[in-house]
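S.K.: My questions all concern the structure below.
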Amino acid sequence: MAGKTFHCTAVTPEGTVLDTDAVSAVFPAYDGEKGVLPNHAPLLTKLGIGVLRVSAAGGDKHEIYVDGGFAQIADNKLTLLTEKAMPVEELSANDVDGLWKEARSQGGVSDEDVETRDRAYQRARVRQRLTRGG
């Protein structure tokens with residue numbers, strides 16, 4: 001399948017979460033979703049919070065929750081470096097309540113405080129949507 005695939009890897013500080021040859025991928029960038037096909041032009045972008053969706057070369061589908069970081073496309077390889085990543089099926093609805101509490105507890109009025117609070121609410125909204133199926 002040379003020329004019809006690219007390599008896709010998602011890595012956290014704990015280790016590699018996904019390492020596969022893919023025919024397509026969509027990931028959450030800070031400014032919206034980005035799609036990747038084989039032979040994509042080089043790109044470096046900041047990740048947002050959301051789902052990496054990969055169609056693997058063998059027909060498998062992967063959905064990985066990612067929470068910030070960076071994505072790089074170069075030499076027919078997509079690499080995501082993120083603080084947190086896990087298969088969507090491993091997300092727990094029980095964790096969502098804790099995320100909402102964490103978001104509500106964020107105080108302060110500085111720009112940094114507001115950004116931290118906004119990311120906490122976004123994290124809770126995305127995880128809630130994913131654990132409730134849509």
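Each chain in the structure tokens gets a letter, A, B and so on, in the order shown; residues start at 1 in every chain, and ligands are counted from 1 in the order they appear.
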Write out as a PDB file with C-alpha atoms, in the first residue's frame the residues lying within 12 Å of Arg104 of chain A, counting only C-alpha atoms and excluding same-chain residues fewer than 6 positions away.

M.R.:
ATOM      1  CA  ASP A  97     -18.881  14.708  37.221  1.00  0.00           C
ATOM      2  CA  GLY A  98     -15.396  15.282  38.610  1.00  0.00           C
ATOM      3  CA  VAL A 114      -9.970  32.482  32.415  1.00  0.00           C
ATOM      4  CA  THR A 116      -7.645  27.544  32.498  1.00  0.00           C
ATOM      5  CA  ARG A 117     -11.358  27.673  33.354  1.00  0.00           C
ATOM      6  CA  ASP A 118     -12.384  27.648  29.667  1.00  0.00           C
ATOM      7  CA  ARG A 119     -10.195  24.584  28.986  1.00  0.00           C
ATOM      8  CA  ALA A 120     -11.651  22.818  32.039  1.00  0.00           C
ATOM      9  CA  TYR A 121     -15.208  23.433  30.787  1.00  0.00           C
ATOM     10  CA  GLN A 122     -14.260  22.346  27.259  1.00  0.00           C
ATOM     11  CA  ALA A 124     -15.859  18.383  30.629  1.00  0.00           C
TER      12      ALA A 124
END

S.K.: Can you tell me, as a list in words, what residues are no more than 9 Å from Asn39 of chain A when counting only C-alpha atoms, ignoring any on the same chain fewer than 2 positions away?

M.R.: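 That gives Gly3, Lys4, Thr5, Phe6, Val36, Leu37, Ala41, Pro42, Ala74, Asp75, Asn76 and Lys77 of chain A.
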
S.K.: Could the residues in this selection be written to a file with C-alpha atoms, as a PDB file, in the first residue's frame?

M.R.:
ATOM      1  CA  GLY A   3       1.852   5.794  -1.402  1.00  0.00           C
ATOM      2  CA  LYS A   4      -1.673   5.084  -0.242  1.00  0.00           C
ATOM      3  CA  THR A   5      -0.979   5.212   3.495  1.00  0.00           C
ATOM      4  CA  PHE A   6       0.881   7.276   6.054  1.00  0.00           C
ATOM      5  CA  VAL A  36      -4.932  14.093   6.832  1.00  0.00           C
ATOM      6  CA  LEU A  37      -4.536  11.869   3.793  1.00  0.00           C
ATOM      7  CA  ALA A  41       1.944  18.830   3.035  1.00  0.00           C
ATOM      8  CA  PRO A  42       4.105  19.431   6.117  1.00  0.00           C
ATOM      9  CA  ALA A  74       6.114  15.479   7.821  1.00  0.00           C
ATOM     10  CA  ASP A  75       7.503  12.827   5.488  1.00  0.00           C
ATOM     11  CA  ASN A  76       4.155  10.993   5.287  1.00  0.00           C
ATOM     12  CA  LYS A  77       3.931  10.691   9.097  1.00  0.00           C
TER      13      LYS A  77
END

S.K.: Per DSSP on the backbone, filter chain A down to the residues in alpha helix (DSSP H) and report them as a VMD selection string.

M.R.: chain A and resid 93 to 105 111 to 131

S.K.: How would you write, as a compact mmCIF listing (two decimals) with C-alpha atoms, in the first residue's frame, the set of residues in segment 81-122 of chain A that DSSP gives as strand (DSSP E)?

M.R.:
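So result.txt came out as:
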# COMPACT_ATOMS: atom_id res chain seq x y z
CA LEU A 81 2.30 14.63 21.17
CA ALA A 85 -4.77 10.37 25.25
CA MET A 86 -6.91 7.27 25.61
CA PRO A 87 -9.24 5.18 23.48

S.K.: Quick one: residues within 12 Å of Arg129 of chain A, only C-alpha atoms, excluding same-chain residues fewer than 2 positions away - as number ranges by chain?

M.R.: A: 50-51, 65, 88, 91-93, 96, 122-127, 131-134

S.K.: Go ahead and write the selection's residues with all heavy atoms as a tab-separated table (two decimals), in the first residue's frame.

M.R.:
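Everything below was put into selection.tsv:
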chain	number	residue	atom	x	y	z
A	50	GLY	N	-10.41	16.90	21.97
A	50	GLY	CA	-11.38	16.21	21.14
A	50	GLY	C	-10.94	14.81	20.79
A	50	GLY	O	-10.23	14.17	21.56
A	51	VAL	N	-11.35	14.34	19.62
A	51	VAL	CA	-11.12	12.96	19.23
A	51	VAL	C	-10.26	12.88	17.96
A	51	VAL	O	-10.55	13.54	16.96
A	51	VAL	CB	-12.46	12.22	18.98
A	51	VAL	CG1	-12.22	10.80	18.54
A	51	VAL	CG2	-13.31	12.25	20.23
A	65	TYR	N	-9.29	9.87	22.42
A	65	TYR	CA	-9.49	11.17	23.06
A	65	TYR	C	-8.11	11.79	23.26
A	65	TYR	O	-7.21	11.15	23.79
A	65	TYR	CB	-10.21	10.98	24.40
A	65	TYR	CG	-10.22	12.22	25.26
A	65	TYR	CD1	-11.14	13.23	25.02
A	65	TYR	CD2	-9.31	12.38	26.29
A	65	TYR	CE1	-11.16	14.36	25.81
A	65	TYR	CE2	-9.32	13.51	27.09
A	65	TYR	CZ	-10.25	14.50	26.84
A	65	TYR	OH	-10.25	15.63	27.62
A	88	VAL	N	-11.45	6.12	23.16
A	88	VAL	CA	-12.75	6.66	23.58
A	88	VAL	C	-13.53	5.64	24.40
A	88	VAL	O	-14.18	5.99	25.38
A	88	VAL	CB	-13.56	7.13	22.35
A	88	VAL	CG1	-15.00	7.42	22.70
A	88	VAL	CG2	-12.89	8.36	21.73
A	91	LEU	N	-13.18	5.83	28.20
A	91	LEU	CA	-13.65	6.98	28.96
A	91	LEU	C	-14.81	6.55	29.84
A	91	LEU	O	-15.64	5.73	29.46
A	91	LEU	CB	-14.11	8.10	28.02
A	91	LEU	CG	-13.03	8.72	27.15
A	91	LEU	CD1	-13.66	9.73	26.20
A	91	LEU	CD2	-11.96	9.38	28.00
A	92	SER	N	-14.88	7.15	31.02
A	92	SER	CA	-15.91	6.78	31.99
A	92	SER	C	-16.84	7.95	32.25
A	92	SER	O	-16.39	9.08	32.49
A	92	SER	CB	-15.24	6.34	33.30
A	92	SER	OG	-16.17	6.29	34.34
A	93	ALA	N	-18.15	7.67	32.25
A	93	ALA	CA	-19.13	8.70	32.59
A	93	ALA	C	-18.95	9.18	34.03
A	93	ALA	O	-19.24	10.33	34.35
A	93	ALA	CB	-20.55	8.16	32.38
A	96	VAL	N	-16.80	12.30	34.42
A	96	VAL	CA	-17.33	13.57	33.92
A	96	VAL	C	-17.79	14.46	35.08
A	96	VAL	O	-17.54	15.67	35.06
A	96	VAL	CB	-18.47	13.33	32.91
A	96	VAL	CG1	-19.13	14.63	32.50
A	96	VAL	CG2	-17.92	12.62	31.68
A	122	GLN	N	-14.31	23.04	28.55
A	122	GLN	CA	-14.26	22.35	27.26
A	122	GLN	C	-13.96	20.86	27.46
A	122	GLN	O	-14.59	20.01	26.83
A	122	GLN	CB	-13.20	22.98	26.36
A	122	GLN	CG	-13.16	22.34	24.98
A	122	GLN	CD	-12.09	22.94	24.10
A	122	GLN	OE1	-11.26	23.73	24.55
A	122	GLN	NE2	-12.10	22.57	22.84
A	123	ARG	N	-13.02	20.55	28.34
A	123	ARG	CA	-12.67	19.16	28.64
A	123	ARG	C	-13.91	18.41	29.15
A	123	ARG	O	-14.20	17.30	28.71
A	123	ARG	CB	-11.55	19.15	29.68
A	123	ARG	CG	-10.96	17.83	29.99
A	123	ARG	CD	-9.78	17.97	30.94
A	123	ARG	NE	-8.67	18.71	30.30
A	123	ARG	CZ	-8.23	19.91	30.70
A	123	ARG	NH1	-8.74	20.52	31.73
A	123	ARG	NH2	-7.25	20.50	30.04
A	124	ALA	N	-14.66	19.02	30.07
A	124	ALA	CA	-15.86	18.38	30.63
A	124	ALA	C	-16.92	18.18	29.55
A	124	ALA	O	-17.54	17.12	29.47
A	124	ALA	CB	-16.40	19.21	31.79
A	125	ARG	N	-17.13	19.20	28.70
A	125	ARG	CA	-18.15	19.08	27.64
A	125	ARG	C	-17.82	17.96	26.66
A	125	ARG	O	-18.68	17.16	26.30
A	125	ARG	CB	-18.28	20.40	26.88
A	125	ARG	CG	-19.13	21.44	27.55
A	125	ARG	CD	-19.45	22.60	26.61
A	125	ARG	NE	-18.27	23.23	26.05
A	125	ARG	CZ	-17.59	24.22	26.62
A	125	ARG	NH1	-17.96	24.68	27.79
A	125	ARG	NH2	-16.55	24.73	26.03
A	126	VAL	N	-16.57	17.91	26.22
A	126	VAL	CA	-16.15	16.88	25.25
A	126	VAL	C	-16.29	15.49	25.86
A	126	VAL	O	-16.85	14.59	25.24
A	126	VAL	CB	-14.71	17.13	24.75
A	126	VAL	CG1	-14.18	15.94	23.98
A	126	VAL	CG2	-14.65	18.38	23.89
A	127	ARG	N	-15.78	15.31	27.08
A	127	ARG	CA	-15.86	13.99	27.71
A	127	ARG	C	-17.31	13.58	27.96
A	127	ARG	O	-17.66	12.42	27.80
A	127	ARG	CB	-15.07	13.99	29.02
A	127	ARG	CG	-13.57	14.21	28.85
A	127	ARG	CD	-12.79	12.94	28.60
A	127	ARG	NE	-12.80	12.01	29.68
A	127	ARG	CZ	-11.87	11.91	30.63
A	127	ARG	NH1	-10.83	12.71	30.62
A	127	ARG	NH2	-11.96	11.00	31.55
A	131	THR	N	-18.95	10.17	26.37
A	131	THR	CA	-19.42	9.08	27.23
A	131	THR	C	-20.92	8.86	27.12
A	131	THR	O	-21.41	7.82	27.53
A	131	THR	CB	-19.05	9.31	28.72
A	131	THR	OG1	-19.61	10.54	29.15
A	131	THR	CG2	-17.55	9.32	28.89
A	132	ARG	N	-21.62	9.80	26.54
A	132	ARG	CA	-23.06	9.64	26.34
A	132	ARG	C	-23.42	9.32	24.91
A	132	ARG	O	-24.59	9.33	24.54
A	132	ARG	CB	-23.79	10.90	26.80
A	132	ARG	CG	-23.67	11.09	28.29
A	132	ARG	CD	-24.58	12.11	28.80
A	132	ARG	NE	-24.42	12.21	30.25
A	132	ARG	CZ	-24.74	13.25	30.95
A	132	ARG	NH1	-25.25	14.29	30.36
A	132	ARG	NH2	-24.57	13.26	32.26
A	133	GLY	N	-22.41	9.09	24.09
A	133	GLY	CA	-22.66	8.65	22.71
A	133	GLY	C	-23.12	9.72	21.77
A	133	GLY	O	-23.78	9.44	20.79
A	134	GLY	N	-22.77	10.96	21.99
A	134	GLY	CA	-23.10	11.93	20.98
A	134	GLY	C	-23.50	13.21	21.49
A	134	GLY	O	-23.79	14.13	20.90

S.K.: List as a PyMOL selection string the protein and nucleic acid residues near Asp67 of chain A, meaning an atom at most 7 Å away when only C-alpha atoms are counted, but skip any in the same chain fewer than 5 places from it.

M.R.: chain A and resi 48-50+82-85

S.K.: Go ahead and save the residues from that selection, with C-alpha atoms, as a PDB file, in the first residue's frame.

M.R.:
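Result went into out37.pdb, see below:
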ATOM      1  CA  GLY A  48      -7.248  21.124  20.901  1.00  0.00           C
ATOM      2  CA  ILE A  49      -9.427  18.864  23.030  1.00  0.00           C
ATOM      3  CA  GLY A  50     -11.378  16.211  21.138  1.00  0.00           C
ATOM      4  CA  THR A  82      -0.269  15.114  23.900  1.00  0.00           C
ATOM      5  CA  GLU A  83      -0.444  15.232  27.684  1.00  0.00           C
ATOM      6  CA  LYS A  84      -3.430  12.894  27.752  1.00  0.00           C
ATOM      7  CA  ALA A  85      -4.770  10.367  25.253  1.00  0.00           C
TER       8      ALA A  85
END

S.K.: What is the atom CA of Ile73 of chain A to atom CA of Val17 of chain A distance in Å?

M.R.: 17.4 Å

S.K.: Between atom CA of Ala103 of chain A and atom CA of Leu130 of chain A, what is the distance in Å, rounded to a tenth?

M.R.: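 Computed distance, atom CA of Ala103 of chain A to atom CA of Leu130 of chain A, equals 17.5 Å.
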
S.K.: What is the distance, in Å and to one decimal place, between atom CA of Val66 of chain A and atom CA of Val109 of chain A?

M.R.: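 Value for the atom CA of Val66 of chain A-atom CA of Val109 of chain A distance: 27.0 Å.
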
S.K.: Which one is closest to Ile64 of chain A: A:Leu18, A:Cys8, A:Leu43, A:Leu78? Count only C-alpha atoms.

M.R.: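 Smallest separation from Ile64 of chain A among the options: A:Leu18.
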